[in-house]
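Chemist: The structure follows.
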Protein chains: 4
Amino acid sequence: MIKLFLSQTGEHLHTFTGHDNWVRSLSIHSNNKYLYSSSDDKTIRIWDLTFGKEKKKVDAHEHFIAVVKFNPKYGVIGSGGNDLTVKLWHLK
Amino acid sequence: MIKLFLSQTGEHLHTFTGHDNWVRSLSIHSNNKYLYSSSDDKTIRIWDLTFGKEKKKVDAHEHFIAVVKFNPKYGVIGSGGNDLTVKLWHLK
Amino acid sequence: MIKLFLSQTGEHLHTFTGHDNWVRSLSIHSNNKYLYSSSDDKTIRIWDLTFGKEKKKVDAHEHFIAVVKFNPKYGVIGSGGNDLTVKLWHLK
Amino acid sequence: MIKLFLSQTGEHLHTFTGHDNWVRSLSIHSNNKYLYSSSDDKTIRIWDLTFGKEKKKVDAHEHFIAVVKFNPKYGVIGSGGNDLTVKLWHLK
């Protein structure tokens, strides 16, 4: 099911492209299906590790996102940055 | 009890406003009830996830707070920044 | 034994002073006895939470320390910064 | 087997040299055998803690690497930086 992880032929599994500015923060979902990233392009993106593509793009903040913290136990994400707000997300 | 998390109608659960400067660091309490944030406004804030509002504002440091680390097992928080001090907190 | 944590009278448990420059990174030991900090003063310091004072000061790197990561399972610390080296420590 | 960790004679276990620019991010493998580092020299390096030397050097990104996150459960690493990409690695 988690196709990418079955590839043992090389060390590099996948390159996910899409962000339009620096990538600042990353988190890997505890069920190993999603990779979350935040960027100076003001978006949080969810990358599907099974299919190796972008699953969702969220216009999350009005300015740079300094930090994204994933709580694996509850499946929620907190984000904050220089738009002065803290946001809580349920991304799946 | 944790009302916000029962909302499955959208991905965005809540925006917490209050910080007067960049948000630098975040942590989600292990019992899923609080979100902690530190900011260049020199405060640590505790956000109540059940009621979706600020629970406490702590004037924590004399200058920017570079890092906040939450120890979920013991419920303590360490903070440090450019006022040269390391502080230990029991926030609840 | 962990005296500081028995104090429930206030939210602020302790301020640890000693670093001569910005505090960049923090970690709380899993047994709750020590707090580790790294700083632009090139040192890693271990703070004794039981007695509320500095336990050890390590002149760790030749320049700023960008990151300190504590592995609670094995009691080792990795550090790195802008002196281009990665160092491994057994601090106790 | 994990030789470095048996040395109790001093607090400093090892200095790993090799990066040509600032070290930004570190992670210690959950089995305690490897230390991962990312650097502004655009590489991720895997340091063998048993033998105290560099095990692998990966030319990972085209520009500075801002963040490396290791998922200990699945043995994969995510990396991202200012070349706008997020990469997934299976490094061993």
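Residues are referred to by chain and number: the chain letter is A, B, ... according to the order shown in the structure tokens, the number counts from 1 in that chain, and ligands are numbered separately from 1 in the order shown.
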Per residue of range 7-41 of chain D within 10 Å of range 50-57 of chain D, note the shortest atom pair and the distance in Å to one decimal, counting only C-alpha atoms, and order the rows by chain and increasing residue number, as a tab-separated table.

Modeler:
residue	atom	partner	partner_atom	distance
D:Leu13	CA	D:Gly52	CA	9.0
D:His14	CA	D:Gly52	CA	6.8
D:Thr15	CA	D:Gly52	CA	8.3
D:Phe16	CA	D:Lys53	CA	6.7
D:Thr17	CA	D:Glu54	CA	8.2
D:Gly18	CA	D:Glu54	CA	7.9
D:His19	CA	D:Lys57	CA	9.4
D:Asn32	CA	D:Thr50	CA	8.9
D:Lys33	CA	D:Thr50	CA	6.3
D:Tyr34	CA	D:Thr50	CA	8.1
D:Leu35	CA	D:Glu54	CA	9.4
D:Tyr36	CA	D:Lys56	CA	9.7
D:Ser37	CA	D:Lys57	CA	9.9

Chemist: After a least-squares superposition on chain D using every in-order C-alpha pair, I'd like chain C written out as a PDB file with N, CA and C atoms, in the first residue's frame.

Modeler:
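The resulting out_30.pdb:
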ATOM      1  N   MET C   1      28.900  -3.281  20.919  1.00  0.00           N
ATOM      2  CA  MET C   1      28.679  -2.965  19.511  1.00  0.00           C
ATOM      3  C   MET C   1      28.664  -1.453  19.284  1.00  0.00           C
ATOM      4  N   ILE C   2      27.925  -0.734  20.126  1.00  0.00           N
ATOM      5  CA  ILE C   2      27.928   0.717  19.958  1.00  0.00           C
ATOM      6  C   ILE C   2      29.043   1.286  20.827  1.00  0.00           C
ATOM      7  N   LYS C   3      30.220   1.187  20.246  1.00  0.00           N
ATOM      8  CA  LYS C   3      31.456   1.429  20.961  1.00  0.00           C
ATOM      9  C   LYS C   3      31.536   2.794  21.639  1.00  0.00           C
ATOM     10  N   LEU C   4      31.162   3.792  20.883  1.00  0.00           N
ATOM     11  CA  LEU C   4      31.293   5.145  21.401  1.00  0.00           C
ATOM     12  C   LEU C   4      30.552   5.318  22.725  1.00  0.00           C
ATOM     13  N   PHE C   5      29.442   4.646  22.851  1.00  0.00           N
ATOM     14  CA  PHE C   5      28.615   4.854  24.025  1.00  0.00           C
ATOM     15  C   PHE C   5      29.133   4.133  25.261  1.00  0.00           C
ATOM     16  N   LEU C   6      30.117   3.245  25.047  1.00  0.00           N
ATOM     17  CA  LEU C   6      30.672   2.561  26.196  1.00  0.00           C
ATOM     18  C   LEU C   6      31.756   3.389  26.878  1.00  0.00           C
ATOM     19  N   SER C   7      32.195   4.406  26.173  1.00  0.00           N
ATOM     20  CA  SER C   7      33.192   5.281  26.751  1.00  0.00           C
ATOM     21  C   SER C   7      32.552   6.189  27.793  1.00  0.00           C
ATOM     22  N   GLN C   8      32.878   5.984  29.026  1.00  0.00           N
ATOM     23  CA  GLN C   8      32.314   6.796  30.099  1.00  0.00           C
ATOM     24  C   GLN C   8      33.381   7.693  30.713  1.00  0.00           C
ATOM     25  N   THR C   9      34.529   7.723  30.085  1.00  0.00           N
ATOM     26  CA  THR C   9      35.625   8.477  30.689  1.00  0.00           C
ATOM     27  C   THR C   9      35.475   9.984  30.506  1.00  0.00           C
ATOM     28  N   GLY C  10      34.706  10.379  29.549  1.00  0.00           N
ATOM     29  CA  GLY C  10      34.534  11.810  29.335  1.00  0.00           C
ATOM     30  C   GLY C  10      33.160  12.113  28.817  1.00  0.00           C
ATOM     31  N   GLU C  11      32.810  13.363  28.801  1.00  0.00           N
ATOM     32  CA  GLU C  11      31.485  13.741  28.353  1.00  0.00           C
ATOM     33  C   GLU C  11      31.427  13.909  26.838  1.00  0.00           C
ATOM     34  N   HIS C  12      32.572  14.203  26.233  1.00  0.00           N
ATOM     35  CA  HIS C  12      32.608  14.412  24.802  1.00  0.00           C
ATOM     36  C   HIS C  12      32.920  13.105  24.100  1.00  0.00           C
ATOM     37  N   LEU C  13      31.984  12.610  23.309  1.00  0.00           N
ATOM     38  CA  LEU C  13      32.175  11.301  22.688  1.00  0.00           C
ATOM     39  C   LEU C  13      32.891  11.396  21.355  1.00  0.00           C
ATOM     40  N   HIS C  14      32.481  12.330  20.524  1.00  0.00           N
ATOM     41  CA  HIS C  14      33.088  12.384  19.198  1.00  0.00           C
ATOM     42  C   HIS C  14      32.789  13.703  18.505  1.00  0.00           C
ATOM     43  N   THR C  15      33.723  14.115  17.674  1.00  0.00           N
ATOM     44  CA  THR C  15      33.509  15.240  16.777  1.00  0.00           C
ATOM     45  C   THR C  15      33.538  14.722  15.345  1.00  0.00           C
ATOM     46  N   PHE C  16      32.462  14.956  14.642  1.00  0.00           N
ATOM     47  CA  PHE C  16      32.380  14.519  13.253  1.00  0.00           C
ATOM     48  C   PHE C  16      32.645  15.712  12.340  1.00  0.00           C
ATOM     49  N   THR C  17      33.684  15.584  11.536  1.00  0.00           N
ATOM     50  CA  THR C  17      34.013  16.681  10.623  1.00  0.00           C
ATOM     51  C   THR C  17      33.723  16.282   9.188  1.00  0.00           C
ATOM     52  N   GLY C  18      33.436  17.257   8.358  1.00  0.00           N
ATOM     53  CA  GLY C  18      33.161  16.964   6.965  1.00  0.00           C
ATOM     54  C   GLY C  18      32.326  18.046   6.287  1.00  0.00           C
ATOM     55  N   HIS C  19      31.345  18.558   7.010  1.00  0.00           N
ATOM     56  CA  HIS C  19      30.504  19.591   6.399  1.00  0.00           C
ATOM     57  C   HIS C  19      31.349  20.817   6.037  1.00  0.00           C
ATOM     58  N   ASP C  20      31.020  21.402   4.886  1.00  0.00           N
ATOM     59  CA  ASP C  20      31.752  22.567   4.409  1.00  0.00           C
ATOM     60  C   ASP C  20      31.036  23.881   4.708  1.00  0.00           C
ATOM     61  N   ASN C  21      29.926  23.815   5.416  1.00  0.00           N
ATOM     62  CA  ASN C  21      29.186  25.023   5.730  1.00  0.00           C
ATOM     63  C   ASN C  21      28.383  24.755   6.999  1.00  0.00           C
ATOM     64  N   TRP C  22      27.621  25.726   7.462  1.00  0.00           N
ATOM     65  CA  TRP C  22      26.889  25.609   8.719  1.00  0.00           C
ATOM     66  C   TRP C  22      26.052  24.345   8.805  1.00  0.00           C
ATOM     67  N   VAL C  23      26.053  23.732   9.969  1.00  0.00           N
ATOM     68  CA  VAL C  23      25.170  22.614  10.261  1.00  0.00           C
ATOM     69  C   VAL C  23      23.852  23.190  10.781  1.00  0.00           C
ATOM     70  N   ARG C  24      22.765  22.789  10.163  1.00  0.00           N
ATOM     71  CA  ARG C  24      21.477  23.407  10.496  1.00  0.00           C
ATOM     72  C   ARG C  24      20.554  22.511  11.310  1.00  0.00           C
ATOM     73  N   SER C  25      20.595  21.226  11.050  1.00  0.00           N
ATOM     74  CA  SER C  25      19.586  20.349  11.627  1.00  0.00           C
ATOM     75  C   SER C  25      20.198  18.990  11.932  1.00  0.00           C
ATOM     76  N   LEU C  26      19.756  18.366  13.014  1.00  0.00           N
ATOM     77  CA  LEU C  26      20.305  17.073  13.448  1.00  0.00           C
ATOM     78  C   LEU C  26      19.184  16.119  13.806  1.00  0.00           C
ATOM     79  N   SER C  27      19.480  14.834  13.695  1.00  0.00           N
ATOM     80  CA  SER C  27      18.557  13.830  14.184  1.00  0.00           C
ATOM     81  C   SER C  27      19.342  12.581  14.556  1.00  0.00           C
ATOM     82  N   ILE C  28      18.966  11.947  15.664  1.00  0.00           N
ATOM     83  CA  ILE C  28      19.618  10.715  16.084  1.00  0.00           C
ATOM     84  C   ILE C  28      18.676   9.561  15.807  1.00  0.00           C
ATOM     85  N   HIS C  29      19.177   8.555  15.086  1.00  0.00           N
ATOM     86  CA  HIS C  29      18.360   7.394  14.736  1.00  0.00           C
ATOM     87  C   HIS C  29      17.918   6.689  16.010  1.00  0.00           C
ATOM     88  N   SER C  30      16.706   6.124  15.964  1.00  0.00           N
ATOM     89  CA  SER C  30      16.139   5.510  17.162  1.00  0.00           C
ATOM     90  C   SER C  30      16.924   4.285  17.603  1.00  0.00           C
ATOM     91  N   ASN C  31      17.620   3.626  16.705  1.00  0.00           N
ATOM     92  CA  ASN C  31      18.407   2.468  17.122  1.00  0.00           C
ATOM     93  C   ASN C  31      19.801   2.874  17.579  1.00  0.00           C
ATOM     94  N   ASN C  32      20.010   4.220  17.613  1.00  0.00           N
ATOM     95  CA  ASN C  32      21.230   4.749  18.212  1.00  0.00           C
ATOM     96  C   ASN C  32      22.489   4.453  17.402  1.00  0.00           C
ATOM     97  N   LYS C  33      22.336   4.071  16.158  1.00  0.00           N
ATOM     98  CA  LYS C  33      23.513   3.742  15.368  1.00  0.00           C
ATOM     99  C   LYS C  33      23.953   4.881  14.452  1.00  0.00           C
ATOM    100  N   TYR C  34      23.014   5.760  14.116  1.00  0.00           N
ATOM    101  CA  TYR C  34      23.337   6.813  13.173  1.00  0.00           C
ATOM    102  C   TYR C  34      22.899   8.186  13.672  1.00  0.00           C
ATOM    103  N   LEU C  35      23.677   9.169  13.258  1.00  0.00           N
ATOM    104  CA  LEU C  35      23.336  10.563  13.490  1.00  0.00           C
ATOM    105  C   LEU C  35      23.214  11.204  12.123  1.00  0.00           C
ATOM    106  N   TYR C  36      22.116  11.880  11.871  1.00  0.00           N
ATOM    107  CA  TYR C  36      21.893  12.545  10.599  1.00  0.00           C
ATOM    108  C   TYR C  36      22.075  14.044  10.774  1.00  0.00           C
ATOM    109  N   SER C  37      22.698  14.679   9.781  1.00  0.00           N
ATOM    110  CA  SER C  37      22.844  16.125   9.847  1.00  0.00           C
ATOM    111  C   SER C  37      22.584  16.726   8.475  1.00  0.00           C
ATOM    112  N   SER C  38      22.062  17.926   8.486  1.00  0.00           N
ATOM    113  CA  SER C  38      21.911  18.666   7.235  1.00  0.00           C
ATOM    114  C   SER C  38      22.655  19.975   7.376  1.00  0.00           C
ATOM    115  N   SER C  39      23.056  20.510   6.244  1.00  0.00           N
ATOM    116  CA  SER C  39      23.951  21.658   6.288  1.00  0.00           C
ATOM    117  C   SER C  39      23.684  22.611   5.128  1.00  0.00           C
ATOM    118  N   ASP C  40      24.192  23.814   5.307  1.00  0.00           N
ATOM    119  CA  ASP C  40      24.162  24.767   4.207  1.00  0.00           C
ATOM    120  C   ASP C  40      25.109  24.371   3.079  1.00  0.00           C
ATOM    121  N   ASP C  41      25.868  23.300   3.255  1.00  0.00           N
ATOM    122  CA  ASP C  41      26.679  22.801   2.128  1.00  0.00           C
ATOM    123  C   ASP C  41      25.831  21.934   1.197  1.00  0.00           C
ATOM    124  N   LYS C  42      24.502  21.915   1.420  1.00  0.00           N
ATOM    125  CA  LYS C  42      23.518  21.243   0.543  1.00  0.00           C
ATOM    126  C   LYS C  42      23.514  19.728   0.697  1.00  0.00           C
ATOM    127  N   THR C  43      24.235  19.214   1.659  1.00  0.00           N
ATOM    128  CA  THR C  43      24.287  17.763   1.835  1.00  0.00           C
ATOM    129  C   THR C  43      23.586  17.329   3.124  1.00  0.00           C
ATOM    130  N   ILE C  44      23.114  16.088   3.105  1.00  0.00           N
ATOM    131  CA  ILE C  44      22.731  15.367   4.316  1.00  0.00           C
ATOM    132  C   ILE C  44      23.826  14.347   4.539  1.00  0.00           C
ATOM    133  N   ARG C  45      24.305  14.252   5.768  1.00  0.00           N
ATOM    134  CA  ARG C  45      25.337  13.250   6.055  1.00  0.00           C
ATOM    135  C   ARG C  45      24.865  12.302   7.150  1.00  0.00           C
ATOM    136  N   ILE C  46      25.264  11.063   6.980  1.00  0.00           N
ATOM    137  CA  ILE C  46      24.931  10.041   7.967  1.00  0.00           C
ATOM    138  C   ILE C  46      26.226   9.656   8.657  1.00  0.00           C
ATOM    139  N   TRP C  47      26.222   9.790   9.969  1.00  0.00           N
ATOM    140  CA  TRP C  47      27.425   9.514  10.751  1.00  0.00           C
ATOM    141  C   TRP C  47      27.226   8.220  11.510  1.00  0.00           C
ATOM    142  N   ASP C  48      28.170   7.332  11.367  1.00  0.00           N
ATOM    143  CA  ASP C  48      28.115   6.035  12.018  1.00  0.00           C
ATOM    144  C   ASP C  48      28.628   6.177  13.440  1.00  0.00           C
ATOM    145  N   LEU C  49      27.747   5.982  14.416  1.00  0.00           N
ATOM    146  CA  LEU C  49      28.136   6.195  15.808  1.00  0.00           C
ATOM    147  C   LEU C  49      28.990   5.054  16.340  1.00  0.00           C
ATOM    148  N   THR C  50      28.878   3.872  15.727  1.00  0.00           N
ATOM    149  CA  THR C  50      29.668   2.730  16.182  1.00  0.00           C
ATOM    150  C   THR C  50      31.147   2.920  15.854  1.00  0.00           C
ATOM    151  N   PHE C  51      31.391   3.370  14.638  1.00  0.00           N
ATOM    152  CA  PHE C  51      32.776   3.491  14.196  1.00  0.00           C
ATOM    153  C   PHE C  51      33.275   4.936  14.206  1.00  0.00           C
ATOM    154  N   GLY C  52      32.389   5.861  14.550  1.00  0.00           N
ATOM    155  CA  GLY C  52      32.820   7.247  14.689  1.00  0.00           C
ATOM    156  C   GLY C  52      33.269   7.907  13.405  1.00  0.00           C
ATOM    157  N   LYS C  53      32.599   7.602  12.322  1.00  0.00           N
ATOM    158  CA  LYS C  53      32.998   8.244  11.060  1.00  0.00           C
ATOM    159  C   LYS C  53      31.793   8.457  10.152  1.00  0.00           C
ATOM    160  N   GLU C  54      32.006   9.218   9.085  1.00  0.00           N
ATOM    161  CA  GLU C  54      30.948   9.470   8.123  1.00  0.00           C
ATOM    162  C   GLU C  54      30.641   8.195   7.352  1.00  0.00           C
ATOM    163  N   LYS C  55      29.369   7.856   7.306  1.00  0.00           N
ATOM    164  CA  LYS C  55      28.964   6.653   6.580  1.00  0.00           C
ATOM    165  C   LYS C  55      28.527   6.982   5.168  1.00  0.00           C
ATOM    166  N   LYS C  56      27.844   8.102   5.013  1.00  0.00           N
ATOM    167  CA  LYS C  56      27.349   8.463   3.697  1.00  0.00           C
ATOM    168  C   LYS C  56      27.169   9.969   3.595  1.00  0.00           C
ATOM    169  N   LYS C  57      27.443  10.483   2.410  1.00  0.00           N
ATOM    170  CA  LYS C  57      27.223  11.896   2.112  1.00  0.00           C
ATOM    171  C   LYS C  57      26.282  11.979   0.930  1.00  0.00           C
ATOM    172  N   VAL C  58      25.166  12.664   1.110  1.00  0.00           N
ATOM    173  CA  VAL C  58      24.161  12.751   0.062  1.00  0.00           C
ATOM    174  C   VAL C  58      24.061  14.188  -0.427  1.00  0.00           C
ATOM    175  N   ASP C  59      24.276  14.399  -1.697  1.00  0.00           N
ATOM    176  CA  ASP C  59      24.044  15.726  -2.277  1.00  0.00           C
ATOM    177  C   ASP C  59      22.542  15.886  -2.441  1.00  0.00           C
ATOM    178  N   ALA C  60      21.933  16.515  -1.438  1.00  0.00           N
ATOM    179  CA  ALA C  60      20.490  16.379  -1.280  1.00  0.00           C
ATOM    180  C   ALA C  60      19.689  17.467  -1.988  1.00  0.00           C
ATOM    181  N   HIS C  61      20.143  18.686  -1.887  1.00  0.00           N
ATOM    182  CA  HIS C  61      19.367  19.795  -2.442  1.00  0.00           C
ATOM    183  C   HIS C  61      20.278  20.733  -3.216  1.00  0.00           C
ATOM    184  N   GLU C  62      19.635  21.578  -4.033  1.00  0.00           N
ATOM    185  CA  GLU C  62      20.411  22.510  -4.845  1.00  0.00           C
ATOM    186  C   GLU C  62      20.821  23.755  -4.050  1.00  0.00           C
ATOM    187  N   HIS C  63      20.154  23.970  -2.918  1.00  0.00           N
ATOM    188  CA  HIS C  63      20.499  25.114  -2.076  1.00  0.00           C
ATOM    189  C   HIS C  63      20.462  24.686  -0.612  1.00  0.00           C
ATOM    190  N   PHE C  64      20.580  25.660   0.273  1.00  0.00           N
ATOM    191  CA  PHE C  64      20.584  25.393   1.708  1.00  0.00           C
ATOM    192  C   PHE C  64      19.424  24.487   2.125  1.00  0.00           C
ATOM    193  N   ILE C  65      19.682  23.608   3.073  1.00  0.00           N
ATOM    194  CA  ILE C  65      18.640  22.737   3.615  1.00  0.00           C
ATOM    195  C   ILE C  65      18.177  23.330   4.939  1.00  0.00           C
ATOM    196  N   ALA C  66      16.939  23.729   4.985  1.00  0.00           N
ATOM    197  CA  ALA C  66      16.442  24.398   6.186  1.00  0.00           C
ATOM    198  C   ALA C  66      16.054  23.402   7.270  1.00  0.00           C
ATOM    199  N   VAL C  67      15.533  22.244   6.850  1.00  0.00           N
ATOM    200  CA  VAL C  67      14.994  21.341   7.857  1.00  0.00           C
ATOM    201  C   VAL C  67      15.137  19.884   7.411  1.00  0.00           C
ATOM    202  N   VAL C  68      15.462  19.037   8.366  1.00  0.00           N
ATOM    203  CA  VAL C  68      15.468  17.592   8.160  1.00  0.00           C
ATOM    204  C   VAL C  68      14.665  16.971   9.285  1.00  0.00           C
ATOM    205  N   LYS C  69      13.670  16.166   8.951  1.00  0.00           N
ATOM    206  CA  LYS C  69      12.876  15.510   9.980  1.00  0.00           C
ATOM    207  C   LYS C  69      12.963  14.003   9.782  1.00  0.00           C
ATOM    208  N   PHE C  70      13.332  13.345  10.839  1.00  0.00           N
ATOM    209  CA  PHE C  70      13.484  11.898  10.798  1.00  0.00           C
ATOM    210  C   PHE C  70      12.274  11.239  11.439  1.00  0.00           C
ATOM    211  N   ASN C  71      11.702  10.259  10.748  1.00  0.00           N
ATOM    212  CA  ASN C  71      10.599   9.500  11.311  1.00  0.00           C
ATOM    213  C   ASN C  71      11.150   8.162  11.800  1.00  0.00           C
ATOM    214  N   PRO C  72      11.369   8.043  13.104  1.00  0.00           N
ATOM    215  CA  PRO C  72      12.046   6.847  13.619  1.00  0.00           C
ATOM    216  C   PRO C  72      11.263   5.574  13.374  1.00  0.00           C
ATOM    217  N   LYS C  73       9.943   5.668  13.309  1.00  0.00           N
ATOM    218  CA  LYS C  73       9.125   4.466  13.163  1.00  0.00           C
ATOM    219  C   LYS C  73       9.316   3.818  11.795  1.00  0.00           C
ATOM    220  N   TYR C  74       9.505   4.669  10.789  1.00  0.00           N
ATOM    221  CA  TYR C  74       9.554   4.131   9.434  1.00  0.00           C
ATOM    222  C   TYR C  74      10.914   4.271   8.770  1.00  0.00           C
ATOM    223  N   GLY C  75      11.844   4.915   9.440  1.00  0.00           N
ATOM    224  CA  GLY C  75      13.180   5.004   8.878  1.00  0.00           C
ATOM    225  C   GLY C  75      13.294   5.894   7.661  1.00  0.00           C
ATOM    226  N   VAL C  76      12.379   6.821   7.520  1.00  0.00           N
ATOM    227  CA  VAL C  76      12.474   7.743   6.391  1.00  0.00           C
ATOM    228  C   VAL C  76      12.788   9.152   6.889  1.00  0.00           C
ATOM    229  N   ILE C  77      13.347   9.929   5.994  1.00  0.00           N
ATOM    230  CA  ILE C  77      13.713  11.289   6.310  1.00  0.00           C
ATOM    231  C   ILE C  77      13.077  12.219   5.298  1.00  0.00           C
ATOM    232  N   GLY C  78      12.536  13.308   5.777  1.00  0.00           N
ATOM    233  CA  GLY C  78      12.062  14.361   4.893  1.00  0.00           C
ATOM    234  C   GLY C  78      12.995  15.543   4.989  1.00  0.00           C
ATOM    235  N   SER C  79      13.218  16.207   3.881  1.00  0.00           N
ATOM    236  CA  SER C  79      14.077  17.386   3.899  1.00  0.00           C
ATOM    237  C   SER C  79      13.489  18.463   3.004  1.00  0.00           C
ATOM    238  N   GLY C  80      13.807  19.685   3.352  1.00  0.00           N
ATOM    239  CA  GLY C  80      13.319  20.806   2.556  1.00  0.00           C
ATOM    240  C   GLY C  80      14.183  22.015   2.797  1.00  0.00           C
ATOM    241  N   GLY C  81      14.133  22.950   1.875  1.00  0.00           N
ATOM    242  CA  GLY C  81      14.961  24.125   2.036  1.00  0.00           C
ATOM    243  C   GLY C  81      14.597  25.201   1.053  1.00  0.00           C
ATOM    244  N   ASN C  82      15.600  25.939   0.664  1.00  0.00           N
ATOM    245  CA  ASN C  82      15.291  27.060  -0.208  1.00  0.00           C
ATOM    246  C   ASN C  82      15.461  26.751  -1.694  1.00  0.00           C
ATOM    247  N   ASP C  83      15.486  25.469  -2.061  1.00  0.00           N
ATOM    248  CA  ASP C  83      15.344  25.145  -3.481  1.00  0.00           C
ATOM    249  C   ASP C  83      13.886  24.810  -3.799  1.00  0.00           C
ATOM    250  N   LEU C  84      12.993  25.088  -2.835  1.00  0.00           N
ATOM    251  CA  LEU C  84      11.530  24.992  -2.985  1.00  0.00           C
ATOM    252  C   LEU C  84      10.996  23.558  -3.018  1.00  0.00           C
ATOM    253  N   THR C  85      11.848  22.574  -2.934  1.00  0.00           N
ATOM    254  CA  THR C  85      11.354  21.196  -2.988  1.00  0.00           C
ATOM    255  C   THR C  85      11.327  20.553  -1.604  1.00  0.00           C
ATOM    256  N   VAL C  86      10.479  19.545  -1.486  1.00  0.00           N
ATOM    257  CA  VAL C  86      10.443  18.670  -0.318  1.00  0.00           C
ATOM    258  C   VAL C  86      10.899  17.309  -0.806  1.00  0.00           C
ATOM    259  N   LYS C  87      11.848  16.694  -0.127  1.00  0.00           N
ATOM    260  CA  LYS C  87      12.332  15.405  -0.566  1.00  0.00           C
ATOM    261  C   LYS C  87      12.162  14.352   0.520  1.00  0.00           C
ATOM    262  N   LEU C  88      11.963  13.141   0.075  1.00  0.00           N
ATOM    263  CA  LEU C  88      11.778  12.011   0.979  1.00  0.00           C
ATOM    264  C   LEU C  88      12.908  11.022   0.738  1.00  0.00           C
ATOM    265  N   TRP C  89      13.512  10.572   1.829  1.00  0.00           N
ATOM    266  CA  TRP C  89      14.691   9.724   1.721  1.00  0.00           C
ATOM    267  C   TRP C  89      14.524   8.461   2.545  1.00  0.00           C
ATOM    268  N   HIS C  90      15.125   7.400   2.021  1.00  0.00           N
ATOM    269  CA  HIS C  90      15.273   6.197   2.831  1.00  0.00           C
ATOM    270  C   HIS C  90      16.771   5.973   2.992  1.00  0.00           C
ATOM    271  N   LEU C  91      17.316   6.485   4.056  1.00  0.00           N
ATOM    272  CA  LEU C  91      18.759   6.453   4.268  1.00  0.00           C
ATOM    273  C   LEU C  91      19.109   5.409   5.310  1.00  0.00           C
ATOM    274  N   LYS C  92      20.003   4.515   4.951  1.00  0.00           N
ATOM    275  CA  LYS C  92      20.436   3.533   5.939  1.00  0.00           C
ATOM    276  C   LYS C  92      21.848   3.085   5.650  1.00  0.00           C
TER     277      LYS C  92
END

Chemist: Output as number ranges by chain all residues of chain A that backbone DSSP marks as alpha helix (DSSP H).

Modeler: A: 3-6

Chemist: Selected residues, all heavy atoms, written as a JSON list (two decimals), in the first residue's frame, please.

Modeler:
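This went into out.json:
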[["chain", "number", "residue", "atom", "x", "y", "z"],
["A", 3, "LYS", "N", 3.50, 2.42, -1.38],
["A", 3, "LYS", "CA", 4.32, 2.01, -2.51],
["A", 3, "LYS", "C", 5.74, 2.56, -2.45],
["A", 3, "LYS", "O", 6.71, 1.84, -2.67],
["A", 3, "LYS", "CB", 3.62, 2.48, -3.77],
["A", 3, "LYS", "CG", 3.98, 1.70, -5.01],
["A", 3, "LYS", "CD", 3.05, 2.06, -6.16],
["A", 3, "LYS", "CE", 2.73, 3.54, -6.19],
["A", 3, "LYS", "NZ", 1.95, 3.93, -7.39],
["A", 4, "LEU", "N", 5.83, 3.85, -2.18],
["A", 4, "LEU", "CA", 7.14, 4.49, -2.21],
["A", 4, "LEU", "C", 8.13, 3.80, -1.28],
["A", 4, "LEU", "O", 9.29, 3.71, -1.58],
["A", 4, "LEU", "CB", 7.02, 5.96, -1.79],
["A", 4, "LEU", "CG", 6.55, 6.93, -2.86],
["A", 4, "LEU", "CD1", 6.32, 8.28, -2.25],
["A", 4, "LEU", "CD2", 7.58, 7.03, -3.98],
["A", 5, "PHE", "N", 7.62, 3.30, -0.18],
["A", 5, "PHE", "CA", 8.53, 2.75, 0.82],
["A", 5, "PHE", "C", 8.99, 1.36, 0.47],
["A", 5, "PHE", "O", 9.87, 0.82, 1.11],
["A", 5, "PHE", "CB", 7.85, 2.76, 2.18],
["A", 5, "PHE", "CG", 7.68, 4.13, 2.71],
["A", 5, "PHE", "CD1", 8.00, 5.24, 1.95],
["A", 5, "PHE", "CD2", 7.24, 4.34, 3.98],
["A", 5, "PHE", "CE1", 7.86, 6.52, 2.42],
["A", 5, "PHE", "CE2", 7.09, 5.63, 4.48],
["A", 5, "PHE", "CZ", 7.40, 6.72, 3.69],
["A", 6, "LEU", "N", 8.38, 0.75, -0.54],
["A", 6, "LEU", "CA", 8.80, -0.58, -0.93],
["A", 6, "LEU", "C", 10.00, -0.52, -1.87],
["A", 6, "LEU", "O", 10.66, -1.51, -2.12],
["A", 6, "LEU", "CB", 7.64, -1.32, -1.62],
["A", 6, "LEU", "CG", 6.44, -1.57, -0.71],
["A", 6, "LEU", "CD1", 5.32, -2.24, -1.47],
["A", 6, "LEU", "CD2", 6.85, -2.40, 0.50]]

Chemist: How would you write, as an MDAnalysis selection string, the set of residues in chain C that DSSP gives as strand (DSSP E or B)?

Modeler: chainID C and resid 12:16 23:28 34:39 43:48 53:59 65:71 76:81 86:89
